[in-house]
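Colleague: Contents of upload.txt (compact mmCIF, C-alpha atoms) are below:
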# COMPACT_ATOMS: atom_id res chain seq x y z
CA MET A 1378 -17.23 -18.41 46.91
CA LYS A 1379 -20.80 -18.32 48.15
CA ASN A 1380 -21.73 -21.04 45.69
CA ILE A 1381 -18.90 -23.22 46.90
CA ILE A 1382 -20.10 -22.94 50.48
CA THR A 1383 -23.67 -23.70 49.44
CA ILE A 1384 -22.69 -26.93 47.68
CA VAL A 1385 -20.38 -28.00 50.49
CA LYS A 1386 -23.11 -27.32 53.07
CA LYS A 1387 -25.62 -29.28 51.03
CA ASP A 1388 -23.32 -32.29 50.74
CA LEU A 1389 -22.37 -32.23 54.40
CA LYS A 1390 -26.01 -31.94 55.47
CA LEU A 1391 -26.86 -34.90 53.26
CA GLU A 1392 -24.04 -36.91 54.74
CA PHE A 1393 -24.79 -36.11 58.36
CA ARG A 1394 -28.44 -37.04 57.90
CA LYS A 1395 -27.70 -40.47 56.46
CA ARG A 1396 -24.20 -40.97 57.83
CA GLU A 1397 -23.65 -43.53 55.10
CA SER A 1398 -20.20 -42.74 53.74
CA LEU A 1399 -18.45 -41.71 56.91
CA THR A 1400 -19.52 -44.78 58.88
CA SER A 1401 -18.43 -47.20 56.20
CA MET A 1402 -15.22 -45.27 55.53
CA LEU A 1403 -14.24 -45.30 59.17
CA PHE A 1404 -15.15 -48.89 59.74
CA PHE A 1405 -13.29 -49.99 56.64
CA GLY A 1406 -10.20 -48.00 57.60
CA ILE A 1407 -10.12 -49.54 61.07
CA LEU A 1408 -10.66 -52.96 59.53
CA VAL A 1409 -7.64 -52.52 57.27
CA LEU A 1410 -5.50 -51.43 60.22
CA VAL A 1411 -6.54 -54.48 62.23
CA ILE A 1412 -6.16 -56.93 59.35
CA LEU A 1413 -2.71 -55.67 58.43
CA ASN A 1414 -1.67 -55.84 62.08
CA ILE A 1415 -2.76 -59.47 62.21
CA ALA A 1416 -1.24 -60.22 58.79
CA ILE A 1417 2.17 -59.01 59.92
CA GLY A 1418 1.94 -61.11 63.05
CA ILE A 1419 0.44 -60.38 66.44
CA GLY A 1420 2.86 -59.56 69.18
CA GLN A 1421 5.60 -58.45 66.84
CA ASN A 1422 7.16 -55.08 67.14
CA ILE A 1423 6.44 -53.33 63.85
CA ALA A 1424 9.19 -50.98 62.73
CA PRO A 1425 8.18 -47.37 61.98
CA SER A 1426 9.48 -47.80 58.44
CA ILE A 1427 6.70 -50.33 57.84
CA SER A 1428 3.90 -48.88 59.95
CA GLY A 1429 4.01 -45.60 58.01
CA GLY A 1430 3.00 -47.52 54.90
CA ILE A 1431 0.23 -49.34 56.74
CA LEU A 1432 -1.36 -46.12 57.95
CA TRP A 1433 -1.63 -44.71 54.44
CA VAL A 1434 -2.93 -47.94 52.95
CA ALA A 1435 -5.75 -47.82 55.50
CA VAL A 1436 -6.47 -44.11 54.96
CA ILE A 1437 -6.44 -44.36 51.18
CA PHE A 1438 -8.64 -47.44 51.02
CA ALA A 1439 -11.10 -45.76 53.35
CA ALA A 1440 -11.01 -42.48 51.44
CA VAL A 1441 -11.76 -44.16 48.12
CA LEU A 1442 -15.06 -45.38 49.54
CA GLY A 1443 -16.11 -41.83 50.38
CA LEU A 1444 -14.88 -40.45 47.08
CA ASP A 1445 -17.13 -42.83 45.23
CA ARG A 1446 -20.26 -41.61 47.01
CA VAL A 1447 -19.86 -37.90 46.31
CA PHE A 1448 -20.73 -38.18 42.64
CA SER A 1449 -22.89 -41.26 42.68
CA ASN A 1450 -25.15 -39.39 45.13
CA GLU A 1451 -25.61 -36.74 42.47
CA LYS A 1452 -26.33 -39.38 39.86
CA GLU A 1453 -29.35 -40.64 41.76
CA ASN A 1454 -32.47 -38.95 40.45
CA ARG A 1455 -30.20 -37.05 38.05
CA CYS A 1456 -29.41 -34.36 40.62
CA ILE A 1457 -26.26 -33.58 38.64
CA ASP A 1458 -28.38 -32.08 35.85
CA GLY A 1459 -29.87 -29.65 38.31
CA LEU A 1460 -26.43 -28.72 39.52
CA LEU A 1461 -25.24 -28.14 35.96
CA LEU A 1462 -28.34 -26.13 35.02
CA SER A 1463 -27.84 -23.78 37.94
CA PRO A 1464 -25.76 -20.69 37.14
CA ILE A 1465 -22.62 -22.18 38.67
CA GLU A 1466 -19.41 -22.68 36.77
CA PRO A 1467 -18.04 -26.22 36.48
CA GLU A 1468 -14.85 -25.00 38.16
CA THR A 1469 -16.86 -23.96 41.20
CA ILE A 1470 -18.45 -27.39 41.37
CA PHE A 1471 -14.97 -28.91 41.24
CA ILE A 1472 -13.69 -26.81 44.13
CA ALA A 1473 -16.81 -27.54 46.18
CA LYS A 1474 -16.66 -31.28 45.58
CA MET A 1475 -12.97 -31.33 46.30
CA ALA A 1476 -13.60 -29.49 49.56
CA VAL A 1477 -16.25 -32.06 50.53
CA ASN A 1478 -13.83 -34.90 49.85
CA LEU A 1479 -11.16 -33.10 51.81
CA ILE A 1480 -13.46 -32.68 54.81
CA PHE A 1481 -14.49 -36.35 54.73
CA MET A 1482 -10.87 -37.39 54.56
CA ILE A 1483 -9.87 -35.21 57.48
CA ILE A 1484 -12.74 -36.51 59.63
CA VAL A 1485 -11.72 -40.08 58.87
CA GLU A 1486 -8.08 -39.36 59.60
CA LEU A 1487 -8.91 -37.68 62.91
CA ILE A 1488 -10.27 -41.01 64.08
CA ILE A 1489 -8.07 -43.48 62.21
CA ILE A 1490 -4.73 -41.93 63.12
CA PRO A 1491 -5.24 -42.16 66.91
CA ILE A 1492 -6.30 -45.79 66.49
CA PHE A 1493 -3.21 -46.36 64.37
CA ILE A 1494 -1.00 -44.85 67.07
CA VAL A 1495 -2.52 -47.18 69.65
CA LEU A 1496 -2.37 -50.34 67.53
CA TYR A 1497 1.08 -49.78 66.09
CA ASN A 1498 2.67 -48.23 69.12
CA SER A 1499 3.82 -45.22 67.12
CA SER A 1500 5.09 -42.04 68.63
CA ILE A 1501 3.98 -38.67 67.35
CA THR A 1502 5.30 -36.09 69.76
CA LEU A 1503 4.42 -32.43 70.08
CA GLU A 1504 7.70 -31.70 68.38
CA ASN A 1505 7.00 -33.44 65.10
CA LEU A 1506 3.24 -32.92 65.14
CA PRO A 1507 3.31 -29.82 62.87
CA MET A 1508 5.36 -31.71 60.28
CA PHE A 1509 3.01 -34.66 60.54
CA ILE A 1510 0.02 -32.41 59.94
CA ALA A 1511 1.81 -30.96 56.91
CA ILE A 1512 2.36 -34.46 55.50
CA VAL A 1513 -1.28 -35.36 56.06
CA LEU A 1514 -2.58 -32.19 54.46
CA LEU A 1515 -0.32 -32.48 51.42
CA LEU A 1516 -1.53 -36.02 50.85
CA ASN A 1517 -5.16 -35.00 51.33
CA ILE A 1518 -4.99 -32.17 48.83
CA GLY A 1519 -3.38 -34.25 46.10
CA PHE A 1520 -5.65 -37.18 46.75
CA SER A 1521 -8.87 -35.20 46.71
CA ALA A 1522 -7.88 -33.18 43.62
CA VAL A 1523 -7.23 -36.22 41.41
CA GLY A 1524 -9.90 -38.18 43.26
CA THR A 1525 -12.62 -35.63 42.51
CA LEU A 1526 -11.79 -35.61 38.81
CA LEU A 1527 -11.59 -39.39 38.52
CA SER A 1528 -14.69 -40.04 40.60
CA ALA A 1529 -16.58 -37.81 38.19
CA ILE A 1530 -15.26 -40.07 35.42
CA SER A 1531 -15.96 -43.33 37.19
CA SER A 1532 -19.51 -42.34 38.13
CA GLY A 1533 -20.25 -42.03 34.41
CA THR A 1534 -19.19 -45.59 33.64
CA ARG A 1535 -21.09 -48.83 33.90
CA ARG A 1536 -19.13 -50.36 36.76
CA ASN A 1537 -18.49 -47.22 38.74
CA ASP A 1538 -17.59 -48.73 42.10
CA ILE A 1539 -14.68 -50.78 40.76
CA MET A 1540 -13.60 -48.23 38.13
CA LEU A 1541 -12.52 -45.59 40.65
CA PRO A 1542 -9.68 -47.45 42.37
CA ILE A 1543 -8.52 -48.86 39.03
CA LEU A 1544 -8.12 -45.38 37.59
CA LEU A 1545 -7.01 -43.64 40.75
CA PHE A 1546 -4.35 -45.86 42.28
CA PRO A 1547 -1.86 -45.95 39.38
CA ILE A 1548 -1.91 -42.15 39.20
CA LEU A 1549 -1.49 -41.82 42.96
CA ILE A 1550 1.54 -44.11 43.25
CA PRO A 1551 4.17 -41.33 43.37
CA LEU A 1552 2.13 -39.32 45.91
CA ILE A 1553 1.63 -42.34 48.15
CA ALA A 1554 5.28 -43.38 47.83
CA ALA A 1555 6.49 -39.93 48.86
CA THR A 1556 4.02 -39.66 51.75
CA VAL A 1557 4.89 -43.11 53.08
CA LYS A 1558 8.57 -42.31 52.88
CA ALA A 1559 8.17 -39.01 54.72
CA THR A 1560 5.94 -40.57 57.39
CA SER A 1561 8.34 -43.44 58.00
CA GLU A 1562 11.22 -41.02 58.44
CA LEU A 1563 9.16 -38.87 60.78
CA LEU A 1564 8.03 -41.84 62.87
CA SER A 1565 11.59 -43.08 63.21
CA GLY A 1566 12.51 -39.67 64.56
CA SER A 1567 14.68 -38.38 61.72
CA PRO A 1568 15.29 -34.63 61.42
CA VAL A 1569 13.20 -32.66 58.95
CA GLU A 1570 16.07 -32.23 56.47
CA LYS A 1571 16.08 -35.97 55.90
CA TYR A 1572 12.58 -36.08 54.44
CA SER A 1573 11.91 -32.52 53.33
CA GLN A 1574 12.56 -33.43 49.69
CA TRP A 1575 9.70 -35.92 49.84
CA LEU A 1576 7.44 -33.13 51.02
CA TYR A 1577 8.51 -30.98 48.09
CA LEU A 1578 7.64 -33.87 45.83
CA THR A 1579 4.14 -34.17 47.29
CA LEU A 1580 3.77 -30.42 46.99
CA ALA A 1581 4.74 -30.61 43.32
CA PHE A 1582 2.23 -33.44 42.82
CA ASP A 1583 -0.49 -31.36 44.49
CA LEU A 1584 0.16 -28.29 42.37
CA ILE A 1585 0.38 -30.17 39.08
CA PHE A 1586 -2.67 -32.30 39.69
CA PHE A 1587 -4.78 -29.58 41.24
CA GLY A 1588 -4.12 -27.47 38.15
CA SER A 1589 -4.79 -30.18 35.60
CA SER A 1590 -7.83 -31.57 37.42
CA TYR A 1591 -9.27 -28.08 37.75
CA LEU A 1592 -8.88 -27.49 34.02
CA LEU A 1593 -10.07 -30.92 32.88
CA PHE A 1594 -13.07 -31.21 35.19
CA GLU A 1595 -15.29 -29.17 32.88
CA HIS A 1596 -14.87 -31.68 30.05
CA VAL A 1597 -15.80 -34.56 32.32
CA ILE A 1598 -18.78 -33.12 34.12
CA LYS A 1599 -20.48 -31.97 30.95
CA GLU A 1600 -20.38 -35.49 29.52
CA GLY A 1601 -21.30 -37.18 32.83
CA MET B 843 -0.28 -49.78 2.88
CA LYS B 844 1.29 -52.73 1.07
CA ILE B 845 4.44 -50.71 0.45
CA LEU B 846 4.60 -49.74 4.09
CA VAL B 847 4.24 -53.34 5.24
CA SER B 848 6.97 -54.51 2.89
CA ILE B 849 9.28 -51.71 4.01
CA ALA B 850 8.72 -52.62 7.65
CA ALA B 851 9.19 -56.33 6.98
CA SER B 852 12.42 -55.87 5.04
CA LEU B 853 13.75 -53.47 7.66
CA PHE B 854 13.13 -56.15 10.26
CA LEU B 855 14.96 -58.76 8.19
CA ILE B 856 17.92 -56.42 7.82
CA ALA B 857 17.82 -55.57 11.53
CA ILE B 858 17.77 -59.23 12.54
CA TYR B 859 20.65 -60.00 10.20
CA MET B 860 22.63 -57.04 11.53
CA ILE B 861 21.97 -57.94 15.15
CA PHE B 862 22.83 -61.60 14.94
CA SER B 863 25.61 -61.81 12.40
CA TYR B 864 27.02 -58.37 11.66
CA THR B 865 27.54 -57.07 15.21
CA PRO B 866 30.00 -58.98 17.37
CA THR B 867 28.76 -60.69 20.53
CA GLU B 868 29.30 -58.50 23.54
CA ALA B 869 32.40 -59.51 25.50
CA VAL B 870 31.04 -59.47 29.05
CA MET B 871 27.34 -60.15 28.73
CA GLY B 872 27.51 -62.56 25.83
CA ILE B 873 24.52 -63.47 23.72
CA VAL B 874 22.01 -62.03 26.24
CA GLN B 875 23.04 -58.56 25.22
CA LYS B 876 21.23 -59.06 21.90
CA ILE B 877 17.96 -58.40 23.73
CA PHE B 878 19.10 -54.81 24.03
CA TYR B 879 18.58 -54.19 20.29
CA PHE B 880 14.91 -55.03 20.72
CA HIS B 881 14.46 -53.70 24.22
CA LEU B 882 15.52 -50.13 23.56
CA PRO B 883 13.44 -49.60 20.37
CA LEU B 884 10.45 -51.17 22.17
CA ALA B 885 10.85 -48.74 25.05
CA PHE B 886 11.25 -45.80 22.69
CA THR B 887 8.24 -46.61 20.56
CA GLY B 888 6.20 -47.47 23.66
CA PHE B 889 6.91 -44.14 25.25
CA PHE B 890 6.31 -42.42 21.92
CA SER B 891 2.84 -44.04 21.76
CA PHE B 892 1.85 -42.57 25.10
CA PHE B 893 3.14 -39.20 24.04
CA VAL B 894 0.99 -39.41 20.90
CA SER B 895 -2.06 -40.33 22.99
CA PHE B 896 -1.41 -37.33 25.24
CA ILE B 897 -1.28 -34.99 22.23
CA CYS B 898 -4.41 -36.61 20.77
CA GLY B 899 -6.17 -36.20 24.13
CA VAL B 900 -5.46 -32.48 24.16
CA LEU B 901 -6.49 -32.11 20.51
CA TYR B 902 -9.72 -34.01 21.15
CA LEU B 903 -10.72 -31.82 24.07
CA VAL B 904 -9.99 -28.69 22.06
CA LYS B 905 -11.53 -29.70 18.74
CA LYS B 906 -14.01 -32.44 19.73
CA ASP B 907 -13.21 -34.35 16.57
CA SER B 908 -13.71 -38.11 16.97
CA LYS B 909 -10.73 -38.84 14.73
CA TYR B 910 -8.38 -37.77 17.54
CA ASP B 911 -10.14 -40.16 19.88
CA VAL B 912 -9.45 -43.01 17.47
CA TYR B 913 -5.79 -41.96 17.11
CA GLY B 914 -5.39 -41.68 20.86
CA ALA B 915 -7.00 -45.04 21.59
CA THR B 916 -4.90 -46.73 18.92
CA SER B 917 -1.65 -45.40 20.25
CA VAL B 918 -2.53 -46.42 23.80
CA GLU B 919 -3.30 -49.95 22.60
CA ILE B 920 0.01 -50.17 20.76
CA GLY B 921 1.82 -48.54 23.66
CA VAL B 922 0.50 -51.08 26.16
CA VAL B 923 1.62 -53.97 23.96
CA LEU B 924 5.07 -52.45 23.46
CA THR B 925 5.48 -51.63 27.16
CA THR B 926 4.48 -55.17 28.10
CA LEU B 927 7.23 -56.41 25.80
CA VAL B 928 9.66 -53.90 27.31
CA LEU B 929 8.97 -55.22 30.80
CA ILE B 930 9.31 -58.85 29.68
CA SER B 931 12.46 -58.35 27.60
CA GLY B 932 14.00 -56.24 30.36
CA SER B 933 13.36 -58.95 32.94
CA LEU B 934 14.85 -61.61 30.69
CA TRP B 935 17.97 -59.51 30.33
CA ALA B 936 18.14 -58.51 33.99
CA ARG B 937 17.99 -62.06 35.35
CA PRO B 938 21.44 -63.16 34.07
CA ILE B 939 23.04 -59.69 34.14
CA TRP B 940 21.73 -58.12 37.36
CA ASN B 941 20.92 -61.47 38.94
CA THR B 942 17.34 -60.40 39.60
CA TRP B 943 14.14 -60.28 37.57
CA TRP B 944 13.15 -56.92 38.89
CA THR B 945 14.64 -53.91 40.62
CA TRP B 946 13.08 -50.55 41.48
CA ASP B 947 15.31 -48.56 39.20
CA PRO B 948 13.75 -45.24 38.04
CA ARG B 949 13.37 -46.43 34.48
CA LEU B 950 11.85 -49.75 35.45
CA THR B 951 9.50 -48.11 37.90
CA THR B 952 8.39 -45.53 35.36
CA ALA B 953 7.75 -48.20 32.73
CA LEU B 954 5.71 -50.29 35.16
CA ILE B 955 3.57 -47.40 36.38
CA LEU B 956 3.00 -46.21 32.83
CA TRP B 957 1.84 -49.71 32.00
CA LEU B 958 -0.57 -49.69 34.96
CA ILE B 959 -1.99 -46.28 34.05
CA TYR B 960 -2.64 -47.16 30.43
CA VAL B 961 -4.07 -50.58 31.18
CA ALA B 962 -6.49 -48.66 33.43
CA TYR B 963 -7.21 -46.45 30.40
CA LEU B 964 -8.11 -49.51 28.32
CA ILE B 965 -10.37 -50.86 31.08
CA LEU B 966 -12.08 -47.47 31.26
CA ARG B 967 -12.57 -47.54 27.51
CA MET B 968 -14.27 -50.91 27.70
CA SER B 969 -16.77 -49.79 30.30
CA ILE B 970 -18.37 -46.84 28.49
CA GLU B 971 -20.86 -47.27 25.66
CA GLN B 972 -21.63 -43.73 24.49
CA ASP B 973 -19.05 -42.47 21.99
CA GLY B 974 -18.82 -38.82 23.01
CA LYS B 975 -18.54 -39.58 26.68
CA ARG B 976 -15.98 -42.32 26.11
CA ALA B 977 -13.85 -40.04 23.99
CA SER B 978 -13.83 -37.21 26.55
CA PHE B 979 -13.16 -39.46 29.52
CA CYS B 980 -10.36 -41.28 27.74
CA ALA B 981 -8.79 -38.01 26.58
CA VAL B 982 -8.75 -36.78 30.19
CA MET B 983 -7.25 -40.04 31.39
CA ALA B 984 -4.54 -39.95 28.69
CA ILE B 985 -3.59 -36.41 29.71
CA ILE B 986 -3.58 -37.12 33.45
CA GLY B 987 -1.57 -40.28 32.90
CA PHE B 988 1.11 -38.58 30.88
CA VAL B 989 1.35 -35.67 33.31
CA ASP B 990 2.14 -38.23 35.99
CA VAL B 991 5.23 -39.52 34.17
CA PRO B 992 7.79 -36.89 35.25
CA ILE B 993 6.63 -37.10 38.88
CA VAL B 994 6.91 -40.88 38.84
CA PHE B 995 10.39 -40.73 37.35
CA PHE B 996 11.54 -38.10 39.80
CA SER B 997 10.17 -39.88 42.85
CA ALA B 998 11.76 -43.15 41.77
CA ARG B 999 15.08 -41.43 41.34
CA LEU B 1000 14.82 -39.83 44.75
CA TRP B 1001 14.01 -43.20 46.22
CA ARG B 1002 17.16 -44.71 44.78
CA THR B 1003 19.45 -41.92 45.79
CA ILE B 1004 18.38 -42.27 49.40
CA HIS B 1005 18.64 -46.02 49.41
CA PRO B 1006 21.96 -47.67 48.63
CA VAL B 1007 22.02 -48.60 44.98
CA VAL B 1008 22.42 -52.35 44.95
CA ILE B 1009 22.80 -52.76 41.25
CA GLN B 1010 24.74 -50.14 39.43
CA LYS B 1011 23.86 -49.89 35.81
CA ASP B 1012 27.09 -49.69 33.84
CA LYS B 1013 27.46 -47.10 31.19
CA ILE B 1014 26.96 -48.80 27.88
CA ALA B 1015 29.45 -47.37 25.46
CA LEU B 1016 28.58 -48.94 22.17
CA ALA B 1017 30.93 -50.01 19.43
CA SER B 1018 30.07 -48.36 16.12
CA SER B 1019 28.77 -51.61 14.59
CA MET B 1020 26.42 -51.98 17.55
CA LYS B 1021 25.24 -48.42 17.14
CA LEU B 1022 24.43 -49.05 13.49
CA SER B 1023 22.44 -52.19 14.34
CA LEU B 1024 20.59 -50.35 17.02
CA LEU B 1025 19.76 -47.54 14.64
CA ILE B 1026 18.35 -49.93 12.05
CA ALA B 1027 16.38 -51.80 14.70
CA MET B 1028 15.00 -48.45 15.84
CA VAL B 1029 13.90 -47.49 12.34
CA ALA B 1030 12.39 -50.94 11.86
CA PHE B 1031 10.35 -50.59 15.05
CA PHE B 1032 9.08 -47.17 14.05
CA ALA B 1033 8.04 -48.62 10.70
CA LEU B 1034 6.23 -51.40 12.56
CA TRP B 1035 4.58 -48.78 14.77
CA THR B 1036 3.31 -46.93 11.71
CA VAL B 1037 1.94 -50.13 10.17
CA LEU B 1038 0.15 -51.09 13.39
CA PHE B 1039 -1.19 -47.58 13.82
CA LYS B 1040 -2.57 -47.45 10.30
CA LEU B 1041 -4.14 -50.90 10.47
CA ARG B 1042 -5.76 -50.30 13.82
CA THR B 1043 -7.11 -46.82 13.04
CA LYS B 1044 -8.55 -48.23 9.82
CA THR B 1045 -10.36 -50.93 11.80
CA LEU B 1046 -11.69 -48.45 14.31
CA PHE B 1047 -12.90 -46.05 11.62
CA LEU B 1048 -14.64 -48.96 9.87
CA ASN B 1049 -16.20 -49.94 13.19
CA GLU B 1050 -17.56 -46.45 13.55
CA ARG B 1051 -18.95 -46.52 10.04
CA VAL B 1052 -20.66 -49.85 10.66
CA LYS B 1053 -22.20 -48.41 13.79
CA ARG B 1054 -23.45 -45.33 11.91
CA LEU B 1055 -24.94 -47.43 9.11
CA ASN B 1056 -26.56 -49.71 11.65
CA ASN B 1057 -28.21 -46.72 13.30
CA LYS B 1058 -29.43 -45.50 9.93
CA ILE B 1059 -31.10 -48.82 9.08
CA LEU B 1060 -32.69 -49.40 12.45
Turn the structure described in the file into structure tokens.

Modeller:
Amino acid sequence: MKNIITIVKKDLKLEFRKRESLTSMLFFGILVLVILNIAIGIGQNIAPSISGGILWVAVIFAAVLGLDRVFSNEKENRCIDGLLLSPIEPETIFIAKMAVNLIFMIIVELIIIPIFIVLYNSSITLENLPMFIAIVLLLNIGFSAVGTLLSAISSGTRRNDIMLPILLFPILIPLIAATVKATSELLSGSPVEKYSQWLYLTLAFDLIFFGSSYLLFEHVIKEG
Amino acid sequence: MKILVSIAASLFLIAIYMIFSYTPTEAVMGIVQKIFYFHLPLAFTGFFSFFVSFICGVLYLVKKDSKYDVYGATSVEIGVVLTTLVLISGSLWARPIWNTWWTWDPRLTTALILWLIYVAYLILRMSIEQDGKRASFCAVMAIIGFVDVPIVFFSARLWRTIHPVVIQKDKIALASSMKLSLLIAMVAFFALWTVLFKLRTKTLFLNERVKRLNNKIL
């Protein structure tokens, strides 16, 4: 546990000194929101069933940018060797890196979601806010679990920046589909029973992929 | 090897004969229905390939024997080809029967996403030079990809049950002559799969040997 906190602190300190990832993630996310708004047509009323999808496209595209940095930072000057030589288990490194990705994602979402609400005229009331937070967290956990594993893979390849989305997006399709569906239902004001099965699906995705990523990470990081 | 090839070839001849002259033309769908005898075996063998690559991935990570990497890579390559053919043959059939090239039916969705995942696997394979690293990364990707399959299928099914089902797939009760043709086509495709698998693994093993000899000389 102490080791996890140490790694997370180190990564966050690094990020807040340079502010490289977060700035580009945020800016890119906002850019996607604006572009999609224009692409659909300015001045049109966008139905909640569509805007739910747009929000997650923006968040996921932004999050991939941050995911990519977490391991390529370690690759510079071969920092990863130091991390592996230290008496820390690979599993601990996985949890720490996943936590860092999770924190980055949440920071980005805290800014992107309000902008989304303004641009797309969506209504998240106090009533459905807890469910909305649940949807967001379930997506974040699944995304950062698979994302951490696959970014460790992609950082070991020749074209690491393009490899990550190629590997990650096909795997994430069911998670994104379920999250979009749940969000659209929530934004259109449906009762919880109408989309709870989508939440169970994301929960299942999270559990399965957290487990398998946790177990497989060791094999990836040692080859890195 | 020669025996295997001739068995596969003759099975295919028999299958084609059975499909086009022995079995009667389907009453409602007509001649288009013949695609089915190729489509189903393609789907079966395609899915089987990905299952093999999943098993090989696990075996590689446990035993670290490069032979499993070669087996896994071969079956993914074959699987991608077969799944491509499944998607094409399915679309050709769906256009006259369902009146659309594509629909987000659970099976179609699963096939498409599988195809995407394993094409990503092949791209990953191309972009790593070192053998050990490539083998481990690809094994992990094969496992993760296959683990995704049930979730994809389930989510697609959920999607359809919420939405109105526009195109209902009718239950295909087969006449016994059709079943026999299908069975022979299935066996023929598995024979083809074995031939392809053997040929391709042989090539990859030879490649490895050439690489080793090269390193020895230089």

Colleague: Kindly indicate which residue among B:Ile873, B:Leu1048, B:Ala998, B:Ile986 lies nearest to Ala962 (chain B), using only C-alpha atoms for the distances.

Modeller: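 Going through B:Ile873, B:Leu1048, B:Ala998, B:Ile986 one by one, the smallest distance to Ala962 (chain B) is for B:Ile986.
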
Colleague: At a cut-off of 10 Å, list the chain A residues touching chain B, using all atoms listed in the file, as a VMD selection string.

Modeller: chain A and resid 1523 1526 to 1527 1529 to 1531 1533 to 1537 1540 to 1552 1554 to 1555 1558 1571 to 1572 1574 to 1575 1578 to 1579 1581 to 1582 1585 to 1586 1589 to 1590 1593 to 1594 1596 to 1601

Colleague: Mind dumping the selected residues with C-alpha atoms as a short mmCIF file (atom, residue, chain, number, x, y, z; two decimals), keeping the file's coordinate frame?

Modeller:
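Saved file part-v5.cif follows:
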data_model
loop_
_atom_site.label_atom_id
_atom_site.label_comp_id
_atom_site.auth_asym_id
_atom_site.auth_seq_id
_atom_site.Cartn_x
_atom_site.Cartn_y
_atom_site.Cartn_z
CA VAL A 1523 -7.23 -36.22 41.41
CA LEU A 1526 -11.79 -35.61 38.81
CA LEU A 1527 -11.59 -39.39 38.52
CA ALA A 1529 -16.58 -37.81 38.19
CA ILE A 1530 -15.26 -40.07 35.42
CA SER A 1531 -15.96 -43.33 37.19
CA GLY A 1533 -20.25 -42.03 34.41
CA THR A 1534 -19.19 -45.59 33.64
CA ARG A 1535 -21.09 -48.83 33.90
CA ARG A 1536 -19.13 -50.36 36.76
CA ASN A 1537 -18.49 -47.22 38.74
CA MET A 1540 -13.60 -48.23 38.13
CA LEU A 1541 -12.52 -45.59 40.65
CA PRO A 1542 -9.68 -47.45 42.37
CA ILE A 1543 -8.52 -48.86 39.03
CA LEU A 1544 -8.12 -45.38 37.59
CA LEU A 1545 -7.01 -43.64 40.75
CA PHE A 1546 -4.35 -45.86 42.28
CA PRO A 1547 -1.86 -45.95 39.38
CA ILE A 1548 -1.91 -42.15 39.20
CA LEU A 1549 -1.49 -41.82 42.96
CA ILE A 1550 1.54 -44.11 43.25
CA PRO A 1551 4.17 -41.33 43.37
CA LEU A 1552 2.13 -39.32 45.91
CA ALA A 1554 5.28 -43.38 47.83
CA ALA A 1555 6.49 -39.93 48.86
CA LYS A 1558 8.57 -42.31 52.88
CA LYS A 1571 16.08 -35.97 55.90
CA TYR A 1572 12.58 -36.08 54.44
CA GLN A 1574 12.56 -33.43 49.69
CA TRP A 1575 9.70 -35.92 49.84
CA LEU A 1578 7.64 -33.87 45.83
CA THR A 1579 4.14 -34.17 47.29
CA ALA A 1581 4.74 -30.61 43.32
CA PHE A 1582 2.23 -33.44 42.82
CA ILE A 1585 0.38 -30.17 39.08
CA PHE A 1586 -2.67 -32.30 39.69
CA SER A 1589 -4.79 -30.18 35.60
CA SER A 1590 -7.83 -31.57 37.42
CA LEU A 1593 -10.07 -30.92 32.88
CA PHE A 1594 -13.07 -31.21 35.19
CA HIS A 1596 -14.87 -31.68 30.05
CA VAL A 1597 -15.80 -34.56 32.32
CA ILE A 1598 -18.78 -33.12 34.12
CA LYS A 1599 -20.48 -31.97 30.95
CA GLU A 1600 -20.38 -35.49 29.52
CA GLY A 1601 -21.30 -37.18 32.83
#

Colleague: Can you work out the spacing between CA of Met1482 (chain A) and CA of Phe1438 (chain A) in Å, to one decimal?

Modeller: 10.9 Å

Colleague: Could you name the residues that touch Lys1387 (chain A) at 12 Å or less, counting all atoms listed in the file, but leaving out those on the same chain fewer than 2 positions away, as a PDB file with C-alpha atoms, keeping the file's coordinate frame?

Modeller:
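selection.pdb written:
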ATOM      1  CA  ASN A1380     -21.730 -21.040  45.690  1.00  0.00           C
ATOM      2  CA  ILE A1381     -18.900 -23.220  46.900  1.00  0.00           C
ATOM      3  CA  ILE A1382     -20.100 -22.940  50.480  1.00  0.00           C
ATOM      4  CA  THR A1383     -23.670 -23.700  49.440  1.00  0.00           C
ATOM      5  CA  ILE A1384     -22.690 -26.930  47.680  1.00  0.00           C
ATOM      6  CA  VAL A1385     -20.380 -28.000  50.490  1.00  0.00           C
ATOM      7  CA  LEU A1389     -22.370 -32.230  54.400  1.00  0.00           C
ATOM      8  CA  LYS A1390     -26.010 -31.940  55.470  1.00  0.00           C
ATOM      9  CA  LEU A1391     -26.860 -34.900  53.260  1.00  0.00           C
ATOM     10  CA  GLU A1392     -24.040 -36.910  54.740  1.00  0.00           C
ATOM     11  CA  PHE A1393     -24.790 -36.110  58.360  1.00  0.00           C
ATOM     12  CA  ARG A1394     -28.440 -37.040  57.900  1.00  0.00           C
ATOM     13  CA  VAL A1447     -19.860 -37.900  46.310  1.00  0.00           C
ATOM     14  CA  ASN A1450     -25.150 -39.390  45.130  1.00  0.00           C
ATOM     15  CA  GLU A1451     -25.610 -36.740  42.470  1.00  0.00           C
ATOM     16  CA  LEU A1460     -26.430 -28.720  39.520  1.00  0.00           C
ATOM     17  CA  ALA A1473     -16.810 -27.540  46.180  1.00  0.00           C
ATOM     18  CA  LYS A1474     -16.660 -31.280  45.580  1.00  0.00           C
ATOM     19  CA  VAL A1477     -16.250 -32.060  50.530  1.00  0.00           C
TER      20      VAL A1477
END

Colleague: Please list as a count of residues only every residue within 10 Å of Thr865 (chain B), counting all atoms listed in the file and excluding residues in the same chain fewer than 6 positions away.

Modeller: 10
